[in-house]
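Have a look at the structure below, then the notes.
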Amino acid sequence: MGFQDFLGNAATVTHLRESIRAGRFPHSLILAGPRGAGKYTLALMLAQAVNCLEPPGIDSPQTGGLPDFCGRCANCVRIAGAANLEERVAEAVAAREELRETDKRETRILVETHPDVLVIPPDPPQLLIKLGQVRQAIHAAYYRPPIEARRAFTIFTASAFMKEAANSLLKLLEEPPEHTTLVLLTENPQELLPTIRSRAVTHRLGALAPAELEALLAARRPQLKPGQRALAARLAEGAVGRALTLDLDAYAASRQDAIVILRNALREPDYSQLFRTTETYRAGAEGQGKTLNLLRALGSLLEDLLLTVAGTPQLIRNVDLAAELAATAQGLTVEWIDAAARALAQVEQGMRRNLLRSLSLDAMAVSLS
């Protein structure tokens, strides 16, 4: 167990390990890259490497002369306990649901499997980093020195901050404690305030080529057929974690609903079929996840249509629908695809305001007709 298990982006990983060896690990760090590129995995690995109780010697063949971690000591095991973030967040949400209504409103979602490693995910249902979560980070940084670790870590797993939360985080970034590192994970650094970006060191995780991902999938997911591997490799957009965990059956179901919306927009509309499809997207955490999957599937189809209209169909992701996408793209304009993408973004923004999902999807489909 160690950094040899992290796939891709060797230059970035090496640079970060060198900063640990030199004792110059940054107080504030931004890890940027596509969803599934391994940002969260790398953040936990860095926390393990800094705080490992039994680190492999740098002369060991596995380390390449750089700091590494054992994966077996008490610190490594407990930090790794936060690796399955979705499961940990689900447990925290379930625990919050057991509280009284008055306490529930004031309780924010945090993950802490090690006393000195605080993981802060977006707080449901709005999926935003909220002021209460940043206050917890401030309290941990200033008033709770590391108990069992050499260096405390606070990991923000997303860059969608409420305005008050982002402003409060600035205070922590301006005067970071010596014993704490803040790690911000983001798909798009531009979502962060310029004043936050200027106070943190940014490292980017790049995408792997589809051929590399297909080879990896052949080794790690041998049950997938060649066509499925090709589809998963392109849908992953170069992200190793996404390729290894992508549920193709769930994606196919979401994509089928997305195709219903597109067909209603581009052909003679069948509102009864549309309403039967969209009425299944209801309130609650499960409905939110289902809606996000639909929006992502629809977004991937719109991007493929744009690539087809632009004359570069070899770059599409939904390779199993190449013929249908080519037929659908006939007569489409870039302006229509741009309008559809804007409508899609409006639905996603509406979800943060708890708008009724089925009606939002209906309105989007009708507006595109």
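Residue numbering restarts at 1 for every chain of the structure tokens, chains are lettered A, B, ... in their displayed order, and ligands are numbered from 1 as they appear.
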
Set out as a Markdown table a contact list for stretch 1-41 of chain A and stretch 202-219 of chain A with a cut-off of 12 Å, giving each residue of stretch 1-41 of chain A that qualifies its closest atom pair and distance in Å to one decimal, counting only C-alpha atoms, ordered by chain and rising residue number.
| residue | atom | partner | partner_atom | distance |
| --- | --- | --- | --- | --- |
| A:Phe6 | CA | A:Leu205 | CA | 11.7 |
| A:Leu7 | CA | A:Leu208 | CA | 9.3 |
| A:Gly8 | CA | A:Leu208 | CA | 6.9 |
| A:Asn9 | CA | A:Leu205 | CA | 6.0 |
| A:Ala10 | CA | A:Leu205 | CA | 9.4 |
| A:Ala11 | CA | A:Leu205 | CA | 9.5 |
| A:Thr12 | CA | A:His203 | CA | 6.8 |
| A:Val13 | CA | A:Leu205 | CA | 9.1 |
| A:Thr14 | CA | A:His203 | CA | 11.4 |
| A:His15 | CA | A:His203 | CA | 9.3 |
| A:Leu16 | CA | A:His203 | CA | 8.8 |
| A:Pro26 | CA | A:Thr202 | CA | 10.1 |
| A:His27 | CA | A:Thr202 | CA | 11.7 |
| A:Ser28 | CA | A:Thr202 | CA | 8.8 |
| A:Leu29 | CA | A:Thr202 | CA | 6.0 |
| A:Ile30 | CA | A:Thr202 | CA | 4.5 |
| A:Leu31 | CA | A:His203 | CA | 5.1 |
| A:Ala32 | CA | A:Arg204 | CA | 4.7 |
| A:Gly33 | CA | A:Leu205 | CA | 4.8 |
| A:Pro34 | CA | A:Ala207 | CA | 7.5 |
| A:Arg35 | CA | A:Ala207 | CA | 10.1 |
| A:Gly36 | CA | A:Ala207 | CA | 9.7 |
| A:Ala37 | CA | A:Leu205 | CA | 6.5 |
| A:Gly38 | CA | A:Leu205 | CA | 7.9 |
| A:Lys39 | CA | A:Leu205 | CA | 7.4 |
| A:Tyr40 | CA | A:Leu205 | CA | 11.2 |
| A:Thr41 | CA | A:Leu205 | CA | 11.7 |

Include N, CA and C atoms and write out the residues we just selected as a short mmCIF file (atom, residue, chain, number, x, y, z; two decimals), in the first residue's frame.
data_model
loop_
_atom_site.label_atom_id
_atom_site.label_comp_id
_atom_site.auth_asym_id
_atom_site.auth_seq_id
_atom_site.Cartn_x
_atom_site.Cartn_y
_atom_site.Cartn_z
N PHE A 6 -1.51 4.82 -6.71
CA PHE A 6 -2.19 5.96 -7.34
C PHE A 6 -1.83 5.97 -8.81
N LEU A 7 -2.83 5.94 -9.66
CA LEU A 7 -2.62 5.80 -11.11
C LEU A 7 -2.64 7.16 -11.80
N GLY A 8 -1.61 7.41 -12.62
CA GLY A 8 -1.58 8.63 -13.40
C GLY A 8 -1.03 9.81 -12.64
N ASN A 9 -0.77 10.91 -13.36
CA ASN A 9 -0.32 12.19 -12.79
C ASN A 9 0.93 12.03 -11.93
N ALA A 10 1.88 11.26 -12.45
CA ALA A 10 3.09 10.97 -11.68
C ALA A 10 3.87 12.24 -11.35
N ALA A 11 3.93 13.22 -12.26
CA ALA A 11 4.70 14.44 -12.01
C ALA A 11 4.12 15.22 -10.83
N THR A 12 2.79 15.35 -10.79
CA THR A 12 2.15 16.08 -9.70
C THR A 12 2.37 15.37 -8.37
N VAL A 13 2.19 14.06 -8.36
CA VAL A 13 2.38 13.30 -7.12
C VAL A 13 3.82 13.40 -6.64
N THR A 14 4.77 13.30 -7.56
CA THR A 14 6.19 13.40 -7.20
C THR A 14 6.50 14.76 -6.60
N HIS A 15 5.97 15.82 -7.19
CA HIS A 15 6.22 17.17 -6.68
C HIS A 15 5.69 17.32 -5.25
N LEU A 16 4.51 16.79 -4.98
CA LEU A 16 3.94 16.89 -3.64
C LEU A 16 4.75 16.07 -2.63
N PRO A 26 2.68 22.67 1.77
CA PRO A 26 1.93 23.93 1.86
C PRO A 26 0.84 23.91 2.94
N HIS A 27 0.57 25.11 3.47
CA HIS A 27 -0.52 25.25 4.44
C HIS A 27 -1.88 25.24 3.74
N SER A 28 -1.90 25.67 2.50
CA SER A 28 -3.15 25.73 1.73
C SER A 28 -2.89 25.15 0.35
N LEU A 29 -3.72 24.18 -0.05
CA LEU A 29 -3.47 23.43 -1.27
C LEU A 29 -4.78 23.24 -2.03
N ILE A 30 -4.76 23.52 -3.33
CA ILE A 30 -5.91 23.25 -4.20
C ILE A 30 -5.53 22.10 -5.14
N LEU A 31 -6.33 21.03 -5.13
CA LEU A 31 -6.17 19.94 -6.08
C LEU A 31 -7.30 20.06 -7.08
N ALA A 32 -6.96 20.36 -8.33
CA ALA A 32 -7.96 20.59 -9.37
C ALA A 32 -7.89 19.48 -10.41
N GLY A 33 -9.05 19.08 -10.91
CA GLY A 33 -9.09 18.05 -11.94
C GLY A 33 -10.50 17.55 -12.13
N PRO A 34 -10.74 16.77 -13.19
CA PRO A 34 -12.10 16.28 -13.46
C PRO A 34 -12.59 15.35 -12.37
N ARG A 35 -13.89 15.23 -12.27
CA ARG A 35 -14.50 14.32 -11.29
C ARG A 35 -14.01 12.90 -11.53
N GLY A 36 -13.52 12.28 -10.46
CA GLY A 36 -13.01 10.93 -10.58
C GLY A 36 -11.53 10.85 -10.91
N ALA A 37 -10.83 11.99 -10.96
CA ALA A 37 -9.41 11.98 -11.31
C ALA A 37 -8.54 11.50 -10.15
N GLY A 38 -9.12 11.39 -8.96
CA GLY A 38 -8.36 10.91 -7.81
C GLY A 38 -7.98 12.01 -6.83
N LYS A 39 -8.64 13.16 -6.90
CA LYS A 39 -8.29 14.28 -6.02
C LYS A 39 -8.45 13.89 -4.55
N TYR A 40 -9.60 13.30 -4.23
CA TYR A 40 -9.86 12.95 -2.82
C TYR A 40 -8.93 11.84 -2.37
N THR A 41 -8.72 10.85 -3.21
CA THR A 41 -7.79 9.76 -2.88
C THR A 41 -6.40 10.30 -2.61
#

* Find the spatial neighbours of A:Asp247, counting only C-alpha atoms, within a cut-off of 10 Å - ignore same-chain residues fewer than 5 positions away - and output them as a list in words. =>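 Once the nearby chain positions are removed, what remains is Ala232, Arg242 and Ala252 of chain A.
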
* Residue nearest A:Val309 - candidates A:Ala343, A:Ala233, A:Val334, A:Ala49, atoms counted: only C-alpha atoms ->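 With only C-alpha atoms as the atom set, the closest residue is A:Val334.
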
* To do: Tell me which protein, DNA and RNA residues are within 8 Å of A:Glu148, counting only C-alpha atoms, leaving out same-chain ones fewer than 6 positions away, and put them as a list in words.
  =>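 The residues satisfying every condition are Asn75, Pro115 and Asp116 of chain A.
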
Those same residues, written as a short mmCIF file (atom, residue, chain, number, x, y, z; two decimals), in the first residue's frame with N, CA and C atoms?
data_model
loop_
_atom_site.label_atom_id
_atom_site.label_comp_id
_atom_site.auth_asym_id
_atom_site.auth_seq_id
_atom_site.Cartn_x
_atom_site.Cartn_y
_atom_site.Cartn_z
N ASN A 75 -2.56 5.53 12.35
CA ASN A 75 -2.92 6.75 11.63
C ASN A 75 -3.36 6.45 10.21
N PRO A 115 -8.95 11.84 14.50
CA PRO A 115 -9.21 13.10 15.21
C PRO A 115 -8.54 14.32 14.61
N ASP A 116 -7.51 14.12 13.77
CA ASP A 116 -6.79 15.26 13.21
C ASP A 116 -6.98 15.42 11.71
#

* Between A:Thr181, A:Lys290, A:Ala140, A:Pro121, single out the one closest to A:Glu87, counting only C-alpha atoms. =>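 Under the stated criterion, the closest residue is A:Pro121.
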
Give me, as a PDB file with N, CA and C atoms, in the first residue's frame, all polymer residues having an atom no more than 12 Å from stretch 323-327 of chain A, counting only C-alpha atoms and skipping those fewer than 6 positions away in the same chain.
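Final output, selection.pdb:
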ATOM      1  N   ILE A 259     -32.647  10.768 -23.578  1.00  0.00           N
ATOM      2  CA  ILE A 259     -33.027  10.640 -24.992  1.00  0.00           C
ATOM      3  C   ILE A 259     -34.502  10.972 -25.179  1.00  0.00           C
ATOM      4  N   LEU A 262     -34.707  14.683 -25.303  1.00  0.00           N
ATOM      5  CA  LEU A 262     -34.193  15.191 -26.577  1.00  0.00           C
ATOM      6  C   LEU A 262     -35.171  14.946 -27.720  1.00  0.00           C
ATOM      7  N   ARG A 263     -35.745  13.752 -27.748  1.00  0.00           N
ATOM      8  CA  ARG A 263     -36.688  13.438 -28.824  1.00  0.00           C
ATOM      9  C   ARG A 263     -37.910  14.339 -28.768  1.00  0.00           C
ATOM     10  N   LEU A 266     -36.821  17.642 -30.280  1.00  0.00           N
ATOM     11  CA  LEU A 266     -36.389  17.697 -31.677  1.00  0.00           C
ATOM     12  C   LEU A 266     -37.396  17.103 -32.658  1.00  0.00           C
ATOM     13  N   SER A 300     -23.802  14.993 -21.616  1.00  0.00           N
ATOM     14  CA  SER A 300     -22.865  14.246 -22.471  1.00  0.00           C
ATOM     15  C   SER A 300     -23.429  14.086 -23.883  1.00  0.00           C
ATOM     16  N   LEU A 301     -24.742  13.906 -24.001  1.00  0.00           N
ATOM     17  CA  LEU A 301     -25.358  13.796 -25.329  1.00  0.00           C
ATOM     18  C   LEU A 301     -25.273  15.123 -26.082  1.00  0.00           C
ATOM     19  N   LEU A 302     -25.498  16.235 -25.379  1.00  0.00           N
ATOM     20  CA  LEU A 302     -25.397  17.545 -26.029  1.00  0.00           C
ATOM     21  C   LEU A 302     -23.962  17.817 -26.487  1.00  0.00           C
ATOM     22  N   GLU A 303     -22.991  17.437 -25.667  1.00  0.00           N
ATOM     23  CA  GLU A 303     -21.595  17.624 -26.072  1.00  0.00           C
ATOM     24  C   GLU A 303     -21.273  16.781 -27.311  1.00  0.00           C
ATOM     25  N   ASP A 304     -21.793  15.550 -27.344  1.00  0.00           N
ATOM     26  CA  ASP A 304     -21.554  14.694 -28.509  1.00  0.00           C
ATOM     27  C   ASP A 304     -22.223  15.261 -29.761  1.00  0.00           C
ATOM     28  N   LEU A 305     -23.415  15.826 -29.596  1.00  0.00           N
ATOM     29  CA  LEU A 305     -24.080  16.453 -30.741  1.00  0.00           C
ATOM     30  C   LEU A 305     -23.268  17.646 -31.246  1.00  0.00           C
ATOM     31  N   LEU A 306     -22.708  18.411 -30.316  1.00  0.00           N
ATOM     32  CA  LEU A 306     -21.882  19.555 -30.710  1.00  0.00           C
ATOM     33  C   LEU A 306     -20.640  19.090 -31.475  1.00  0.00           C
ATOM     34  N   LEU A 307     -20.002  18.027 -30.980  1.00  0.00           N
ATOM     35  CA  LEU A 307     -18.825  17.491 -31.665  1.00  0.00           C
ATOM     36  C   LEU A 307     -19.187  16.979 -33.061  1.00  0.00           C
ATOM     37  N   THR A 308     -20.366  16.374 -33.177  1.00  0.00           N
ATOM     38  CA  THR A 308     -20.811  15.856 -34.477  1.00  0.00           C
ATOM     39  C   THR A 308     -21.090  16.997 -35.441  1.00  0.00           C
ATOM     40  N   VAL A 309     -21.795  18.025 -34.959  1.00  0.00           N
ATOM     41  CA  VAL A 309     -22.085  19.187 -35.799  1.00  0.00           C
ATOM     42  C   VAL A 309     -20.784  19.880 -36.218  1.00  0.00           C
ATOM     43  N   ALA A 310     -19.795  19.873 -35.319  1.00  0.00           N
ATOM     44  CA  ALA A 310     -18.512  20.533 -35.612  1.00  0.00           C
ATOM     45  C   ALA A 310     -17.628  19.713 -36.540  1.00  0.00           C
ATOM     46  N   GLY A 311     -18.059  18.501 -36.895  1.00  0.00           N
ATOM     47  CA  GLY A 311     -17.286  17.681 -37.813  1.00  0.00           C
ATOM     48  C   GLY A 311     -16.195  16.853 -37.157  1.00  0.00           C
ATOM     49  N   THR A 312     -16.317  16.607 -35.848  1.00  0.00           N
ATOM     50  CA  THR A 312     -15.329  15.776 -35.148  1.00  0.00           C
ATOM     51  C   THR A 312     -16.023  14.639 -34.398  1.00  0.00           C
ATOM     52  N   PRO A 313     -16.783  13.798 -35.105  1.00  0.00           N
ATOM     53  CA  PRO A 313     -17.519  12.734 -34.425  1.00  0.00           C
ATOM     54  C   PRO A 313     -16.609  11.686 -33.783  1.00  0.00           C
ATOM     55  N   GLN A 314     -15.332  11.649 -34.173  1.00  0.00           N
ATOM     56  CA  GLN A 314     -14.422  10.671 -33.577  1.00  0.00           C
ATOM     57  C   GLN A 314     -14.132  10.970 -32.107  1.00  0.00           C
ATOM     58  N   ILE A 316     -16.574  11.809 -29.852  1.00  0.00           N
ATOM     59  CA  ILE A 316     -17.760  11.647 -29.016  1.00  0.00           C
ATOM     60  C   ILE A 316     -17.504  10.617 -27.924  1.00  0.00           C
ATOM     61  N   ARG A 317     -18.287  10.737 -26.832  1.00  0.00           N
ATOM     62  CA  ARG A 317     -18.145   9.810 -25.713  1.00  0.00           C
ATOM     63  C   ARG A 317     -19.114   8.639 -25.816  1.00  0.00           C
TER      64      ARG A 317
END

* Asked: Which is closer to A:Arg135 than all the others in A:Lys171, A:Arg220, A:Arg151, A:His179, using only C-alpha atoms?
  ->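 Residue with the minimum atom-to-atom distance to A:Arg135: A:Lys171.
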
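Pairwise distance (atom CA of A:Val50, atom CA of A:Leu184) equals 17.1 Å.
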
* To do: Name the residues of stretch 67-287 of chain A that fall into strand (DSSP E) according to DSSP on the backbone, using the chain letters and numbers of this document, as a PyMOL selection string.
  => chain A and resi 111-114+117-120+152-156+180-186+201-204

Output N, CA and C atoms of each residue in that selection to a file, as a JSON list (two decimals), in the first residue's frame.
[["chain", "number", "residue", "atom", "x", "y", "z"],
["A", 111, "VAL", "N", -17.10, 14.61, 8.27],
["A", 111, "VAL", "CA", -16.57, 13.24, 8.32],
["A", 111, "VAL", "C", -15.22, 13.31, 9.03],
["A", 112, "GLU", "N", -15.07, 12.49, 10.08],
["A", 112, "GLU", "CA", -13.84, 12.55, 10.88],
["A", 112, "GLU", "C", -13.53, 11.16, 11.43],
["A", 113, "THR", "N", -12.84, 10.36, 10.63],
["A", 113, "THR", "CA", -12.47, 9.02, 11.08],
["A", 113, "THR", "C", -11.15, 9.03, 11.84],
["A", 114, "HIS", "N", -10.42, 10.14, 11.77],
["A", 114, "HIS", "CA", -9.20, 10.36, 12.55],
["A", 114, "HIS", "C", -9.36, 11.71, 13.23],
["A", 117, "VAL", "N", -7.89, 14.67, 11.13],
["A", 117, "VAL", "CA", -8.19, 14.78, 9.70],
["A", 117, "VAL", "C", -9.70, 15.01, 9.55],
["A", 118, "LEU", "N", -10.05, 16.24, 9.23],
["A", 118, "LEU", "CA", -11.46, 16.64, 9.11],
["A", 118, "LEU", "C", -11.81, 16.74, 7.62],
["A", 119, "VAL", "N", -12.84, 16.00, 7.21],
["A", 119, "VAL", "CA", -13.31, 16.01, 5.83],
["A", 119, "VAL", "C", -14.65, 16.73, 5.79],
["A", 120, "ILE", "N", -14.74, 17.74, 4.92],
["A", 120, "ILE", "CA", -15.96, 18.56, 4.85],
["A", 120, "ILE", "C", -16.57, 18.43, 3.45],
["A", 152, "ALA", "N", -2.25, 18.36, 11.15],
["A", 152, "ALA", "CA", -3.69, 18.19, 10.94],
["A", 152, "ALA", "C", -4.05, 18.56, 9.50],
["A", 153, "PHE", "N", -5.07, 17.90, 8.99],
["A", 153, "PHE", "CA", -5.56, 18.16, 7.64],
["A", 153, "PHE", "C", -7.06, 18.46, 7.70],
["A", 154, "THR", "N", -7.48, 19.47, 6.93],
["A", 154, "THR", "CA", -8.90, 19.72, 6.69],
["A", 154, "THR", "C", -9.10, 19.68, 5.19],
["A", 155, "ILE", "N", -9.99, 18.80, 4.74],
["A", 155, "ILE", "CA", -10.18, 18.57, 3.30],
["A", 155, "ILE", "C", -11.60, 18.98, 2.91],
["A", 156, "PHE", "N", -11.72, 20.02, 2.10],
["A", 156, "PHE", "CA", -13.01, 20.42, 1.53],
["A", 156, "PHE", "C", -13.16, 19.68, 0.21],
["A", 180, "THR", "N", -1.40, 23.00, 10.55],
["A", 180, "THR", "CA", -2.60, 22.59, 9.79],
["A", 180, "THR", "C", -2.41, 22.83, 8.29],
["A", 181, "THR", "N", -2.92, 21.90, 7.50],
["A", 181, "THR", "CA", -2.99, 22.08, 6.04],
["A", 181, "THR", "C", -4.45, 22.01, 5.60],
["A", 182, "LEU", "N", -4.86, 22.99, 4.81],
["A", 182, "LEU", "CA", -6.20, 22.99, 4.21],
["A", 182, "LEU", "C", -6.07, 22.52, 2.76],
["A", 183, "VAL", "N", -6.89, 21.56, 2.40],
["A", 183, "VAL", "CA", -6.89, 21.04, 1.02],
["A", 183, "VAL", "C", -8.27, 21.28, 0.42],
["A", 184, "LEU", "N", -8.32, 21.99, -0.69],
["A", 184, "LEU", "CA", -9.58, 22.24, -1.38],
["A", 184, "LEU", "C", -9.59, 21.47, -2.69],
["A", 185, "LEU", "N", -10.62, 20.68, -2.90],
["A", 185, "LEU", "CA", -10.76, 19.89, -4.11],
["A", 185, "LEU", "C", -11.77, 20.56, -5.03],
["A", 186, "THR", "N", -11.45, 20.63, -6.30],
["A", 186, "THR", "CA", -12.36, 21.31, -7.23],
["A", 186, "THR", "C", -12.21, 20.75, -8.64],
["A", 201, "VAL", "N", -1.66, 26.98, -3.01],
["A", 201, "VAL", "CA", -0.86, 26.40, -4.10],
["A", 201, "VAL", "C", -1.77, 25.45, -4.88],
["A", 202, "THR", "N", -1.85, 25.63, -6.19],
["A", 202, "THR", "CA", -2.74, 24.82, -7.03],
["A", 202, "THR", "C", -1.95, 23.74, -7.77],
["A", 203, "HIS", "N", -2.43, 22.52, -7.68],
["A", 203, "HIS", "CA", -1.89, 21.40, -8.46],
["A", 203, "HIS", "C", -3.03, 20.79, -9.26],
["A", 204, "ARG", "N", -2.77, 20.51, -10.52],
["A", 204, "ARG", "CA", -3.82, 19.98, -11.40],
["A", 204, "ARG", "C", -3.57, 18.51, -11.71]]

* Distance atom CA of A:Gln346-atom CA of A:Asn318, one decimal place? ->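 If I compute the distance from atom CA of A:Gln346 to atom CA of A:Asn318, I get 23.7 Å.
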
* Structure fact -> One residue among A:Leu246, A:Ala265, A:Val347, A:Ala141 is nearest to A:Ser367 when using only C-alpha atoms, and that residue is A:Ala265

* Structure fact -> atom CA of A:Ala297 to atom CA of A:Leu193 measures 28.7 Å

* Considering only C-alpha atoms, return as a ChimeraX atom specification whatever protein or nucleic-acid residues lie within 8 Å of A:Val319, sequence-local ones (same chain, fewer than 3 positions apart) excluded. => /A:230-231,316,322

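Distance check against A:Ala236 using only C-alpha atoms: of A:Arg72, A:Tyr251, A:Gly81, A:Leu53, the minimum falls on A:Tyr251.
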
Show which residues sit within 10 Å of A:Gly65, as an mmCIF file with N, CA and C atoms, in the first residue's frame. Count only C-alpha atoms, and ignore same-chain residues fewer than 3 positions away.
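Below is the file result-v7.cif, written as the result:
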data_model
loop_
_atom_site.group_PDB
_atom_site.id
_atom_site.type_symbol
_atom_site.label_atom_id
_atom_site.label_comp_id
_atom_site.auth_asym_id
_atom_site.auth_seq_id
_atom_site.Cartn_x
_atom_site.Cartn_y
_atom_site.Cartn_z
ATOM 1 N N ARG A 17 5.200 14.907 -3.047
ATOM 2 C CA ARG A 17 6.027 14.086 -2.151
ATOM 3 C C ARG A 17 7.368 14.757 -1.885
ATOM 4 N N GLU A 18 7.915 15.425 -2.872
ATOM 5 C CA GLU A 18 9.169 16.151 -2.666
ATOM 6 C C GLU A 18 8.992 17.281 -1.652
ATOM 7 N N ARG A 21 9.192 15.742 1.722
ATOM 8 C CA ARG A 21 10.580 15.411 2.066
ATOM 9 C C ARG A 21 11.362 16.657 2.471
ATOM 10 N N PRO A 56 7.765 3.684 5.182
ATOM 11 C CA PRO A 56 8.833 2.903 4.542
ATOM 12 C C PRO A 56 10.067 3.782 4.363
ATOM 13 N N GLY A 57 11.230 3.192 4.482
ATOM 14 C CA GLY A 57 12.459 3.950 4.279
ATOM 15 C C GLY A 57 12.550 4.453 2.857
ATOM 16 N N ILE A 58 13.127 5.640 2.693
ATOM 17 C CA ILE A 58 13.180 6.218 1.347
ATOM 18 C C ILE A 58 14.139 5.447 0.447
ATOM 19 N N ASP A 59 14.934 4.532 1.037
ATOM 20 C CA ASP A 59 15.786 3.676 0.209
ATOM 21 C C ASP A 59 15.066 2.401 -0.222
ATOM 22 N N SER A 60 13.783 2.255 0.218
ATOM 23 C CA SER A 60 13.004 1.085 -0.174
ATOM 24 C C SER A 60 12.645 1.182 -1.650
ATOM 25 N N PRO A 61 12.656 0.042 -2.376
ATOM 26 C CA PRO A 61 12.341 0.069 -3.812
ATOM 27 C C PRO A 61 10.975 0.680 -4.124
ATOM 28 N N GLN A 62 9.988 0.516 -3.209
ATOM 29 C CA GLN A 62 8.638 0.994 -3.507
ATOM 30 C C GLN A 62 8.516 2.507 -3.429
ATOM 31 N N ASP A 68 6.641 8.050 1.722
ATOM 32 C CA ASP A 68 5.508 7.185 1.420
ATOM 33 C C ASP A 68 4.823 6.844 2.734
#

Contacts of A:Ser168 at 8 Å (only C-alpha atoms; same-chain gap of 3+ positions) as an mmCIF file with C-alpha atoms, in the first residue's frame:
data_model
loop_
_atom_site.group_PDB
_atom_site.id
_atom_site.type_symbol
_atom_site.label_atom_id
_atom_site.label_comp_id
_atom_site.auth_asym_id
_atom_site.auth_seq_id
_atom_site.Cartn_x
_atom_site.Cartn_y
_atom_site.Cartn_z
ATOM 1 C CA LEU A 131 -20.932 28.576 7.174
ATOM 2 C CA VAL A 134 -16.242 26.410 7.832
ATOM 3 C CA ARG A 135 -16.628 27.445 11.466
ATOM 4 C CA GLU A 164 -20.668 33.651 3.861
ATOM 5 C CA ALA A 165 -18.748 30.380 4.090
ATOM 6 C CA LYS A 171 -9.758 34.446 7.334
ATOM 7 C CA LEU A 172 -8.309 30.989 7.853
#

* Asked: Of the residues A:Asp320, A:Glu91, A:Glu187, A:Glu54, which is the one nearest to A:Arg234, using only C-alpha atoms?
  ->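 Closest candidate: A:Asp320.
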